[in-house]
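For reference, entry-v3.txt is printed below; it contains compact mmCIF, C-alpha atoms.
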```txt
# COMPACT_ATOMS: atom_id res chain seq x y z
CA MET A 1 0.00 0.00 0.00
CA ARG A 2 1.38 3.40 -0.98
CA PRO A 3 1.80 6.15 1.66
CA PHE A 4 -1.04 8.65 1.96
CA ALA A 5 -2.01 11.67 4.04
CA TYR A 6 -4.89 11.41 6.51
CA LEU A 7 -7.35 14.12 7.54
CA ARG A 8 -10.43 14.04 9.75
CA ALA A 9 -13.23 16.34 8.59
CA ALA A 10 -15.32 18.34 11.06
CA ASP A 11 -18.43 18.41 8.86
CA ALA A 12 -19.60 17.73 5.30
CA PRO A 13 -18.67 21.16 3.84
CA SER A 14 -15.16 20.96 5.30
CA ALA A 15 -14.73 17.45 3.90
CA VAL A 16 -15.69 18.70 0.43
CA ALA A 17 -13.36 21.70 0.80
CA ALA A 18 -10.48 19.43 1.83
CA SER A 19 -11.09 17.27 -1.22
CA ALA A 20 -11.04 20.33 -3.50
CA GLU A 21 -7.76 21.53 -2.05
CA ARG A 22 -5.86 18.27 -2.51
CA PRO A 23 -5.48 16.22 -5.68
CA ASN A 24 -6.47 12.56 -5.69
CA THR A 25 -8.44 12.65 -2.43
CA MET A 26 -10.87 9.92 -1.37
CA TYR A 27 -13.33 9.67 1.50
CA LEU A 28 -12.97 7.01 4.20
CA ALA A 29 -15.95 5.79 6.24
CA GLY A 30 -16.18 2.04 6.96
CA GLY A 31 -13.40 1.34 4.45
CA THR A 32 -14.48 -2.21 3.70
CA ASN A 33 -14.13 -1.71 -0.05
CA LEU A 34 -11.65 1.15 -0.28
CA VAL A 35 -8.99 -0.40 1.95
CA ASP A 36 -9.13 -3.65 -0.06
CA LEU A 37 -8.63 -1.71 -3.30
CA MET A 38 -5.72 0.20 -1.77
CA ARG A 39 -4.06 -3.06 -0.76
CA LEU A 40 -4.47 -4.36 -4.32
CA GLY A 41 -3.03 -1.17 -5.79
CA VAL A 42 -6.27 -0.39 -7.63
CA ALA A 43 -6.96 2.71 -5.53
CA VAL A 44 -3.93 4.91 -4.80
CA PRO A 45 -5.24 8.06 -3.08
CA GLU A 46 -2.77 10.70 -1.99
CA THR A 47 -5.10 11.82 0.81
CA LEU A 48 -7.87 10.12 2.78
CA VAL A 49 -10.49 12.34 4.38
CA ASP A 50 -12.15 10.52 7.28
CA VAL A 51 -15.91 11.18 7.22
CA SER A 52 -16.88 8.39 9.60
CA ARG A 53 -17.71 10.78 12.45
CA ILE A 54 -19.60 13.38 10.46
CA SER A 55 -22.02 11.18 8.51
CA SER A 56 -25.28 10.61 10.37
CA GLY A 57 -25.71 7.15 11.78
CA ALA A 58 -29.46 7.52 12.27
CA VAL A 59 -32.59 6.32 10.48
CA GLU A 60 -35.28 8.97 10.91
CA GLU A 61 -38.88 9.30 9.78
CA SER A 62 -39.97 12.55 8.17
CA ALA A 63 -43.40 14.16 8.52
CA ASP A 64 -44.57 12.69 5.19
CA GLY A 65 -43.54 9.16 6.14
CA ALA A 66 -40.26 9.02 4.22
CA LEU A 67 -37.22 7.44 5.85
CA LEU A 68 -34.00 9.46 5.94
CA ILE A 69 -31.05 7.11 6.30
CA GLY A 70 -27.75 8.74 7.24
CA ALA A 71 -24.79 7.84 5.04
CA GLY A 72 -22.95 6.70 8.17
CA VAL A 73 -25.57 4.11 9.16
CA ARG A 74 -23.87 0.73 9.46
CA ASN A 75 -25.35 -1.98 7.28
CA SER A 76 -26.14 -4.17 10.28
CA ASP A 77 -28.05 -1.35 11.93
CA LEU A 78 -30.00 -0.64 8.74
CA ALA A 79 -31.06 -4.28 8.40
CA ALA A 80 -32.15 -4.39 12.05
CA ASP A 81 -34.05 -1.09 12.09
CA PRO A 82 -37.74 -1.73 12.95
CA LEU A 83 -39.06 0.86 10.48
CA VAL A 84 -36.98 -0.57 7.63
CA ARG A 85 -38.00 -4.14 8.42
CA ARG A 86 -41.70 -3.24 8.62
CA ARG A 87 -42.03 -0.79 5.72
CA HIS A 88 -39.35 -1.99 3.30
CA PRO A 89 -38.49 -5.63 4.05
CA MET A 90 -36.76 -5.99 0.67
CA LEU A 91 -34.16 -3.47 1.87
CA ALA A 92 -33.44 -5.33 5.10
CA GLN A 93 -33.28 -8.63 3.21
CA ALA A 94 -30.89 -7.17 0.62
CA VAL A 95 -28.51 -5.90 3.28
CA LEU A 96 -28.52 -9.24 5.09
CA ALA A 97 -27.80 -11.03 1.80
CA GLY A 98 -24.55 -9.10 1.37
CA ALA A 99 -21.18 -9.91 2.95
CA SER A 100 -20.51 -11.33 6.42
CA GLY A 101 -21.80 -10.06 9.72
CA GLN A 102 -18.39 -8.59 10.54
CA ILE A 103 -18.30 -6.59 7.32
CA ARG A 104 -21.89 -5.43 7.76
CA ASN A 105 -20.91 -4.14 11.20
CA MET A 106 -18.29 -1.89 9.57
CA ALA A 107 -19.74 -1.03 6.15
CA THR A 108 -21.81 2.13 5.79
CA VAL A 109 -24.78 2.98 3.62
CA GLY A 110 -22.86 5.66 1.71
CA GLY A 111 -19.92 3.38 1.04
CA ASN A 112 -22.12 0.47 0.03
CA LEU A 113 -23.78 2.60 -2.65
CA LEU A 114 -20.42 3.64 -4.09
CA GLN A 115 -18.50 0.37 -3.93
CA ARG A 116 -16.57 -0.61 -7.03
CA THR A 117 -17.08 -3.65 -9.25
CA ARG A 118 -15.68 -7.05 -8.26
CA CYS A 119 -14.66 -7.86 -11.87
CA SER A 120 -11.42 -9.84 -11.59
CA TYR A 121 -9.73 -7.80 -14.33
CA PHE A 122 -10.50 -4.54 -12.53
CA GLN A 123 -8.96 -5.88 -9.33
CA ASP A 124 -5.82 -7.26 -10.99
CA VAL A 125 -3.41 -4.41 -11.76
CA THR A 126 -1.33 -6.69 -14.01
CA LYS A 127 -4.25 -6.92 -16.46
CA PRO A 128 -5.69 -4.23 -18.75
CA CYS A 129 -9.03 -2.73 -17.73
CA ASN A 130 -10.88 0.24 -19.18
CA LYS A 131 -12.57 0.90 -15.85
CA ARG A 132 -9.27 1.11 -14.00
CA GLN A 133 -7.23 2.63 -16.84
CA PRO A 134 -9.33 3.96 -19.74
CA GLY A 135 -8.17 2.95 -23.20
CA THR A 136 -6.41 -0.26 -22.22
CA GLY A 137 -9.24 -2.59 -23.26
CA CYS A 138 -11.77 -4.95 -21.71
CA PRO A 139 -10.30 -8.48 -21.59
CA ALA A 140 -13.42 -9.75 -19.84
CA ARG A 141 -15.36 -9.72 -23.12
CA ALA A 142 -13.28 -12.61 -24.45
CA GLY A 143 -12.14 -13.89 -21.06
CA ASP A 144 -13.83 -14.61 -17.75
CA HIS A 145 -17.27 -13.00 -17.95
CA ARG A 146 -19.56 -15.68 -16.50
CA ASN A 147 -20.77 -13.40 -13.71
CA LEU A 148 -20.75 -10.15 -15.69
CA ALA A 149 -23.37 -8.02 -17.44
CA ILE A 150 -26.05 -9.12 -19.89
CA ILE A 151 -27.88 -5.76 -20.12
CA GLY A 152 -26.65 -2.22 -20.72
CA HIS A 153 -22.99 -3.08 -21.23
CA SER A 154 -20.73 -1.66 -23.94
CA GLU A 155 -17.63 -2.57 -25.91
CA SER A 156 -15.67 -0.76 -23.20
CA CYS A 157 -16.93 -2.65 -20.15
CA VAL A 158 -19.12 -5.59 -19.14
CA ALA A 159 -18.67 -5.28 -15.36
CA THR A 160 -21.57 -5.48 -12.91
CA HIS A 161 -22.38 -3.38 -9.88
CA PRO A 162 -21.96 -5.53 -6.74
CA SER A 163 -24.25 -3.88 -4.17
CA ASP A 164 -27.34 -5.77 -2.98
CA MET A 165 -28.58 -2.76 -1.02
CA ALA A 166 -28.45 -0.52 -4.10
CA VAL A 167 -30.78 -2.88 -5.98
CA ALA A 168 -33.44 -2.58 -3.29
CA LEU A 169 -32.99 1.20 -3.08
CA THR A 170 -33.36 1.44 -6.86
CA ALA A 171 -36.64 -0.47 -6.73
CA LEU A 172 -37.84 1.84 -3.95
CA GLY A 173 -37.01 5.00 -5.90
CA ALA A 174 -34.58 6.27 -3.28
CA ILE A 175 -33.16 9.80 -3.37
CA VAL A 176 -29.48 10.31 -2.57
CA HIS A 177 -28.49 13.48 -0.70
CA VAL A 178 -25.11 14.83 -1.76
CA GLU A 179 -22.85 17.62 -0.50
CA GLY A 180 -20.77 19.12 -3.32
CA ALA A 181 -18.66 22.14 -4.14
CA ASP A 182 -21.84 24.13 -4.90
CA GLY A 183 -23.66 22.97 -1.77
CA PRO A 184 -26.22 20.24 -1.17
CA ARG A 185 -28.31 18.59 -3.89
CA THR A 186 -30.20 15.35 -4.48
CA VAL A 187 -29.77 12.57 -7.05
CA PRO A 188 -32.55 10.03 -7.79
CA MET A 189 -32.22 6.27 -8.03
CA PRO A 190 -32.13 5.08 -10.72
CA GLY A 191 -29.94 7.92 -11.91
CA LEU A 192 -27.03 7.77 -9.47
CA HIS A 193 -25.18 4.93 -11.19
CA ARG A 194 -24.10 5.11 -14.85
CA LEU A 195 -24.01 2.53 -17.60
CA PRO A 196 -20.47 2.23 -19.00
CA GLY A 197 -20.84 3.68 -22.51
CA ASP A 198 -17.42 4.91 -23.56
CA GLU A 199 -16.57 6.17 -20.03
CA PRO A 200 -16.55 2.97 -17.96
CA ASP A 201 -14.25 4.52 -15.35
CA ARG A 202 -17.18 6.72 -14.19
CA ASP A 203 -19.40 4.59 -11.97
CA THR A 204 -21.80 7.38 -10.98
CA VAL A 205 -22.94 10.86 -11.97
CA LEU A 206 -21.22 12.33 -8.91
CA ASP A 207 -18.51 14.94 -9.44
CA PRO A 208 -15.05 14.62 -7.88
CA GLY A 209 -15.28 15.59 -4.22
CA ASP A 210 -19.02 14.97 -3.92
CA LEU A 211 -19.94 13.41 -0.58
CA VAL A 212 -23.05 11.27 -0.02
CA THR A 213 -24.66 12.45 3.23
CA ALA A 214 -27.95 10.54 3.36
CA VAL A 215 -30.40 8.36 1.44
CA GLU A 216 -34.11 9.16 1.48
CA VAL A 217 -36.66 6.42 0.87
CA PRO A 218 -40.02 7.96 -0.15
CA PRO A 219 -43.26 6.59 1.29
CA LEU A 220 -44.48 3.51 -0.60
CA PRO A 221 -47.16 1.71 1.41
CA PHE A 222 -47.28 -1.44 -0.73
CA ALA A 223 -43.53 -1.93 -0.22
CA ALA A 224 -44.46 -3.46 3.13
CA ARG A 225 -45.09 -6.53 0.96
CA SER A 226 -41.78 -6.83 -0.83
CA ARG A 227 -38.96 -9.30 -1.26
CA TYR A 228 -35.30 -9.52 -2.21
CA ARG A 229 -34.15 -12.80 -3.74
CA LYS A 230 -30.50 -13.45 -4.54
CA VAL A 231 -28.96 -16.30 -6.54
CA ARG A 232 -25.26 -16.86 -5.85
CA ASP A 233 -22.65 -19.52 -6.39
CA ARG A 234 -22.44 -20.44 -2.71
CA ALA A 235 -24.81 -20.13 0.21
CA SER A 236 -23.24 -17.03 1.77
CA PHE A 237 -20.64 -14.27 1.41
CA ALA A 238 -20.91 -14.27 -2.39
CA PHE A 239 -21.94 -11.58 -4.86
CA ALA A 240 -25.14 -12.02 -6.82
CA VAL A 241 -25.18 -13.97 -10.05
CA VAL A 242 -28.72 -12.60 -10.37
CA SER A 243 -30.93 -10.84 -7.84
CA VAL A 244 -34.44 -9.39 -7.80
CA ALA A 245 -35.98 -6.73 -5.56
CA ALA A 246 -39.73 -6.55 -6.00
CA ALA A 247 -42.81 -5.01 -4.39
CA LEU A 248 -46.31 -5.79 -5.64
CA ASP A 249 -49.69 -4.16 -5.06
CA VAL A 250 -52.50 -6.54 -6.06
CA ALA A 251 -56.25 -6.03 -5.64
CA ASP A 252 -58.95 -8.42 -6.90
CA GLY A 253 -56.34 -10.38 -8.81
CA VAL A 254 -55.04 -7.34 -10.74
CA VAL A 255 -51.67 -5.65 -10.37
CA ARG A 256 -52.35 -2.04 -9.39
CA ASP A 257 -48.69 -1.08 -9.01
CA CYS A 258 -45.26 -2.65 -8.71
CA ARG A 259 -41.58 -1.91 -8.29
CA ILE A 260 -38.85 -4.16 -9.66
CA ALA A 261 -35.07 -3.90 -9.86
CA LEU A 262 -32.49 -6.44 -10.94
CA GLY A 263 -28.96 -7.02 -9.67
CA GLY A 264 -26.01 -8.93 -11.07
CA VAL A 265 -27.05 -8.20 -14.66
CA ALA A 266 -25.76 -4.70 -15.43
CA HIS A 267 -23.16 -2.05 -14.71
CA ALA A 268 -25.77 -0.37 -12.48
CA PRO A 269 -28.71 -1.64 -10.44
CA TRP A 270 -31.29 -2.21 -13.19
CA ARG A 271 -34.79 -0.80 -12.72
CA ALA A 272 -37.10 -3.11 -14.68
CA GLU A 273 -39.38 -0.36 -16.01
CA THR A 274 -40.50 -2.35 -19.06
CA ALA A 275 -41.64 -5.24 -16.87
CA GLU A 276 -43.35 -2.83 -14.49
CA ALA A 277 -45.31 -1.23 -17.33
CA ALA A 278 -46.37 -4.64 -18.62
CA LEU A 279 -47.64 -5.67 -15.19
CA ARG A 280 -49.66 -2.61 -14.19
CA GLY A 281 -53.35 -3.23 -14.85
CA SER A 282 -52.77 -6.88 -15.78
CA ALA A 283 -53.83 -10.07 -14.07
CA ALA A 284 -51.49 -11.26 -11.33
CA THR A 285 -50.80 -14.65 -12.89
CA GLU A 286 -47.69 -16.65 -13.68
CA ALA A 287 -48.27 -16.29 -17.42
CA VAL A 288 -48.44 -12.50 -17.18
CA PHE A 289 -45.36 -12.41 -14.95
CA ALA A 290 -43.46 -14.50 -17.50
CA ARG A 291 -44.45 -12.21 -20.37
CA ALA A 292 -43.38 -9.16 -18.37
CA ALA A 293 -40.02 -10.75 -17.62
CA ASP A 294 -39.54 -11.65 -21.28
CA ALA A 295 -40.33 -8.07 -22.30
CA GLU A 296 -37.69 -6.74 -19.90
CA LEU A 297 -35.06 -9.22 -21.03
CA ALA A 298 -35.65 -8.66 -24.75
CA ALA A 299 -32.85 -6.06 -24.54
CA ALA A 300 -30.36 -8.54 -23.07
CA ARG A 301 -27.12 -9.07 -25.00
CA PRO A 302 -25.38 -11.90 -23.19
CA LEU A 303 -21.84 -12.97 -23.98
CA ALA A 304 -20.76 -16.54 -24.70
CA ASP A 305 -20.45 -17.74 -21.11
CA ASN A 306 -23.22 -15.83 -19.35
CA ALA A 307 -26.23 -16.49 -21.59
CA PHE A 308 -27.59 -18.69 -18.78
CA LYS A 309 -28.34 -15.49 -16.87
CA VAL A 310 -31.23 -14.65 -19.20
CA PRO A 311 -33.47 -17.63 -18.32
CA LEU A 312 -32.18 -17.52 -14.73
CA THR A 313 -33.24 -13.87 -14.35
CA ARG A 314 -36.61 -14.65 -15.92
CA ASN A 315 -37.25 -17.55 -13.57
CA VAL A 316 -36.12 -15.70 -10.43
CA LEU A 317 -38.30 -12.71 -11.27
CA VAL A 318 -41.38 -14.82 -12.00
CA ARG A 319 -40.91 -16.91 -8.83
CA THR A 320 -40.48 -13.79 -6.69
CA LEU A 321 -43.69 -12.24 -8.04
CA ILE A 322 -45.61 -15.47 -7.52
CA ASP A 323 -44.39 -15.63 -3.93
CA LEU A 324 -45.55 -12.06 -3.31
CA VAL A 325 -49.02 -12.89 -4.62
CA GLU A 326 -49.24 -16.10 -2.58
CA THR A 327 -48.30 -14.28 0.64
CA SER A 328 -50.68 -11.37 0.09
```
Could I get this file's structure written as structure tokens?
Amino acid sequence: MRPFAYLRAADAPSAVAASAERPNTMYLAGGTNLVDLMRLGVAVPETLVDVSRISSGAVEESADGALLIGAGVRNSDLAADPLVRRRHPMLAQAVLAGASGQIRNMATVGGNLLQRTRCSYFQDVTKPCNKRQPGTGCPARAGDHRNLAIIGHSESCVATHPSDMAVALTALGAIVHVEGADGPRTVPMPGLHRLPGDEPDRDTVLDPGDLVTAVEVPPLPFAARSRYRKVRDRASFAFAVVSVAAALDVADGVVRDCRIALGGVAHAPWRAETAEAALRGSAATEAVFARAADAELAAARPLADNAFKVPLTRNVLVRTLIDLVETS
């Protein structure tokens, strides 16, 4: 690990100011992803600004029923929060599906949202990677891509976003609160994370020095009946091959509303808006669910070794929706 300077910020504006004053500065909160990347030589910051003591560690309810989750909330605390478990069970389930208990005790909400891909070429500094070093190529396209993207990828990158929590937040239409050089602003989900295009090194729409301060989850009453299902290569501590976050509002056998997001299939958590549109106003049956899944996956462009993800995603989505209907 290369030497670096260390600063502790007093508040969000001073953290942003410190970042603007020093080149190649990164923020440190839980550090569960950043420190690993520094050890691998993937991340080589000249300065770390510690924001662990300035980011709120609280989950609060606003007057309109929204939940405001501080960026410093530990993942374990988020999954255990009574309001989260009651109103948005998919979010608690997604957090518990990610990493080990020890890592969840350290990892923060802000850091989880911004974690980098686990593509093996990105993490190996001896290999070319457009995400790590633009213009060097994407060896994953012809190499090891079994667990990589089938939707929204480009010639430059086929990596997937690893966060389980971000998939649930995307389905819930979360709003990310950001402190930047021009003051505070908000960024919607989906909308925070980018597809690779020809700039795969840019994971999000955030500007250099932007600091995530909180995540707001708007009121969504039918999300009390929601589920997160994750398919992985081993029973625990593994990233998603495919995952589904879904909430379903059914009355008299008809889908009144729904929210669906997919994980493990794209460079960003994938909001399944085509499937949602196909479901609204339709009968809540397996056949309709299958047609909606097929409509969403019509845009899939799998590579040679990950084509299995298309039927897998279809089946996981359909099964999750059926389960939601059966438990309603």
Which residues of stretch 48-123 of chain A come within 12 Å of stretch 269-278 of chain A, and what is each one's closest atom pair and distance in Å (one decimal), counting only C-alpha atoms, sorted by chain and residue number, as JSON lines?
```
{"residue": "A:Leu113", "atom": "CA", "partner": "A:Pro269", "partner_atom": "CA", "distance": 10.1}
{"residue": "A:Leu114", "atom": "CA", "partner": "A:Pro269", "partner_atom": "CA", "distance": 11.7}
{"residue": "A:Thr117", "atom": "CA", "partner": "A:Pro269", "partner_atom": "CA", "distance": 11.9}
```
### Query
So how many Å separate atom CA of A:Ser55 and atom CA of A:Asn33, to one decimal?
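The value is 17.4 Å.
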### Message
So, with all atoms listed in the file as the atoms that count, which of A:Ala224, A:Gly281, A:Pro311, A:Leu148 lies closest to A:Val255?
### Response
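Closest to A:Val255 of all the choices is A:Gly281.
The list of residues within 7 Å of (-25.0, -18.0, -14.1), counted using only C-alpha atoms, is A:Arg146, A:Asn147, A:Val241, A:Asn306, A:Phe308, A:Lys309.
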### Task
Record the distance separating atom CA of A:Pro219 and atom CA of A:His161, expressed in Å with one decimal.
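Spanning atom CA of A:Pro219 to atom CA of A:His161 is a straight-line distance of 25.7 Å.
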### Summary
Shortest contact to A:Val231, candidates A:Ala283, A:Ala292, A:Leu303, A:Val265, atoms counted all atoms listed in the file, goes to A:Val265
### Query
Expressed in Å to a single decimal, how great is the separation between atom CA of A:Gly137 and atom CA of A:Pro200?
10.6 Å
Which residues come within 9 Å of A:Pro188, counting only C-alpha atoms, excluding same-chain residues fewer than 4 positions away, as a PDB file with C-alpha atoms, keeping the file's coordinate frame?
```pdb
ATOM      1  CA  THR A 170     -33.360   1.440  -6.860  1.00  0.00           C
ATOM      2  CA  GLY A 173     -37.010   5.000  -5.900  1.00  0.00           C
ATOM      3  CA  ALA A 174     -34.580   6.270  -3.280  1.00  0.00           C
ATOM      4  CA  ILE A 175     -33.160   9.800  -3.370  1.00  0.00           C
ATOM      5  CA  VAL A 176     -29.480  10.310  -2.570  1.00  0.00           C
ATOM      6  CA  HIS A 177     -28.490  13.480  -0.700  1.00  0.00           C
ATOM      7  CA  LEU A 192     -27.030   7.770  -9.470  1.00  0.00           C
TER       8      LEU A 192
END
```
### Message
I'd like the contact shell of A:Ala235 - 12 Å cut-off, all atoms listed in the file, skipping same-chain residues fewer than 4 positions apart - returned as a ChimeraX atom specification.
### Response
/A:97-100,230-231,239-241
Store the residues of this selection in a file with C-alpha atoms, as a short mmCIF file (atom, residue, chain, number, x, y, z; two decimals), keeping the file's coordinate frame.
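Saved as again32.cif:
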```cif
data_model
loop_
_atom_site.label_atom_id
_atom_site.label_comp_id
_atom_site.auth_asym_id
_atom_site.auth_seq_id
_atom_site.Cartn_x
_atom_site.Cartn_y
_atom_site.Cartn_z
CA ALA A 97 -27.80 -11.03 1.80
CA GLY A 98 -24.55 -9.10 1.37
CA ALA A 99 -21.18 -9.91 2.95
CA SER A 100 -20.51 -11.33 6.42
CA LYS A 230 -30.50 -13.45 -4.54
CA VAL A 231 -28.96 -16.30 -6.54
CA PHE A 239 -21.94 -11.58 -4.86
CA ALA A 240 -25.14 -12.02 -6.82
CA VAL A 241 -25.18 -13.97 -10.05
#
```
Find the nearest atom pair between each residue of stretch 152-219 of chain A and stretch 3-20 of chain A for residues within 9 Å, count all atoms listed in the file, give distances in Å to one decimal, sort rows by chain and ascending number, and present the table as a tab-separated table.
```
residue	atom	partner	partner_atom	distance
A:Glu179	CA	A:Ala12	CA	6.6
A:Gly180	CA	A:Val16	CA	6.3
A:Ala181	CA	A:Val16	CA	6.4
A:Gly183	CA	A:Pro13	CA	7.7
A:Pro208	CA	A:Ser19	CA	8.2
A:Gly209	CA	A:Ser19	CA	5.4
A:Asp210	CA	A:Val16	CA	6.6
A:Leu211	CA	A:Val16	CA	6.9
A:Thr213	CA	A:Ala12	CA	7.6
```
Select from stretch 134-182 of chain A every residue with an atom at most 12 Å from any atom of stretch 72-82 of chain A, then for each give the shortest pair of atoms and their distance in Å to one decimal, using only C-alpha atoms, rows by chain and rising number, as a Markdown table.
```
| residue | atom | partner | partner_atom | distance |
| --- | --- | --- | --- | --- |
| A:Ser163 | CA | A:Asn75 | CA | 11.7 |
| A:Asp164 | CA | A:Asn75 | CA | 11.1 |
| A:Met165 | CA | A:Asn75 | CA | 8.9 |
| A:Ala166 | CA | A:Asn75 | CA | 11.9 |
```
#### Entry: Selection as a PyMOL selection string: residues within 12 Å of (-25.8, -10.6, -20.6), counting all atoms listed in the file
chain A and resi 141+145-154+157-160+241-242+263-267+297-313
### Proximity to A:Lys127 - best of A:Val84, A:Cys258, A:Ala94, A:Val42, only C-alpha atoms
A:Val42
### Query
Between A:His193, A:Arg86, A:Arg319, A:Arg39, which is the closest to A:Val244 once you count all atoms listed in the file?
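Closest candidate: A:Arg319.
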### Query
Which residue out of A:Leu172, A:Ala92, A:Leu206, A:Leu248 has the minimum interatomic distance to A:Phe222 when only C-alpha atoms are used?
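Of A:Leu172, A:Ala92, A:Leu206, A:Leu248, the one nearest A:Phe222, counting only C-alpha atoms, is A:Leu248.
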### Distance criterion (only C-alpha atoms): nearest to A:Leu169 out of A:Gly31, A:Pro139, A:Gly191, A:Gly41
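Comparing A:Gly31, A:Pro139, A:Gly191, A:Gly41 against A:Leu169, the winner is A:Gly191.
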So that I can check the surroundings of A:Glu199, please list as a CSV table (one decimal) with C-alpha atoms, in the frame of the given file every protein, DNA and RNA residue that reaches within 12 Å of it, counting all atoms listed in the file and ignoring chain neighbours fewer than 3 positions away.
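Once everything was written out, this is part-v3.csv:
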```csv
chain,number,residue,atom,x,y,z
A,129,CYS,CA,-9.0,-2.7,-17.7
A,130,ASN,CA,-10.9,0.2,-19.2
A,131,LYS,CA,-12.6,0.9,-15.8
A,132,ARG,CA,-9.3,1.1,-14.0
A,133,GLN,CA,-7.2,2.6,-16.8
A,134,PRO,CA,-9.3,4.0,-19.7
A,135,GLY,CA,-8.2,3.0,-23.2
A,137,GLY,CA,-9.2,-2.6,-23.3
A,153,HIS,CA,-23.0,-3.1,-21.2
A,154,SER,CA,-20.7,-1.7,-23.9
A,155,GLU,CA,-17.6,-2.6,-25.9
A,156,SER,CA,-15.7,-0.8,-23.2
A,157,CYS,CA,-16.9,-2.6,-20.2
A,194,ARG,CA,-24.1,5.1,-14.8
A,195,LEU,CA,-24.0,2.5,-17.6
A,196,PRO,CA,-20.5,2.2,-19.0
A,202,ARG,CA,-17.2,6.7,-14.2
A,203,ASP,CA,-19.4,4.6,-12.0
A,204,THR,CA,-21.8,7.4,-11.0
A,205,VAL,CA,-22.9,10.9,-12.0
A,267,HIS,CA,-23.2,-2.0,-14.7
```
Please fill the gaps in stretch 34-39 of chain A so it has all heavy atoms, and write that as a compact mmCIF listing (two decimals), in the coordinates of the input.
```txt
# COMPACT_ATOMS: atom_id res chain seq x y z
N LEU A 34 -12.78 0.29 0.07
CA LEU A 34 -11.65 1.15 -0.28
C LEU A 34 -10.33 0.57 0.20
O LEU A 34 -9.34 0.55 -0.55
CB LEU A 34 -11.85 2.55 0.32
CG LEU A 34 -10.69 3.53 0.14
CD1 LEU A 34 -10.36 3.73 -1.33
CD2 LEU A 34 -11.00 4.85 0.83
N VAL A 35 -10.26 0.11 1.43
CA VAL A 35 -8.99 -0.40 1.95
C VAL A 35 -8.55 -1.63 1.16
O VAL A 35 -7.35 -1.79 0.86
CB VAL A 35 -9.12 -0.72 3.45
CG1 VAL A 35 -7.86 -1.41 3.97
CG2 VAL A 35 -9.35 0.57 4.25
N ASP A 36 -9.48 -2.50 0.78
CA ASP A 36 -9.13 -3.65 -0.06
C ASP A 36 -8.52 -3.19 -1.38
O ASP A 36 -7.52 -3.75 -1.85
CB ASP A 36 -10.36 -4.51 -0.33
CG ASP A 36 -10.75 -5.37 0.85
OD1 ASP A 36 -9.92 -5.52 1.78
OD2 ASP A 36 -11.87 -5.91 0.86
N LEU A 37 -9.14 -2.19 -2.01
CA LEU A 37 -8.63 -1.71 -3.30
C LEU A 37 -7.27 -1.03 -3.14
O LEU A 37 -6.42 -1.13 -4.04
CB LEU A 37 -9.64 -0.73 -3.92
CG LEU A 37 -10.98 -1.33 -4.33
CD1 LEU A 37 -11.90 -0.25 -4.89
CD2 LEU A 37 -10.80 -2.46 -5.34
N MET A 38 -7.04 -0.40 -2.03
CA MET A 38 -5.72 0.20 -1.77
C MET A 38 -4.67 -0.89 -1.61
O MET A 38 -3.54 -0.76 -2.10
CB MET A 38 -5.78 1.10 -0.54
CG MET A 38 -6.61 2.36 -0.75
SD MET A 38 -6.87 3.33 0.76
CE MET A 38 -5.19 3.86 1.13
N ARG A 39 -5.00 -1.95 -0.94
CA ARG A 39 -4.06 -3.06 -0.76
C ARG A 39 -3.71 -3.72 -2.10
O ARG A 39 -2.58 -4.17 -2.31
CB ARG A 39 -4.65 -4.11 0.18
CG ARG A 39 -4.69 -3.66 1.64
CD ARG A 39 -5.46 -4.65 2.48
NE ARG A 39 -5.40 -4.30 3.90
CZ ARG A 39 -6.27 -4.72 4.80
NH1 ARG A 39 -7.29 -5.50 4.43
NH2 ARG A 39 -6.14 -4.37 6.06
```
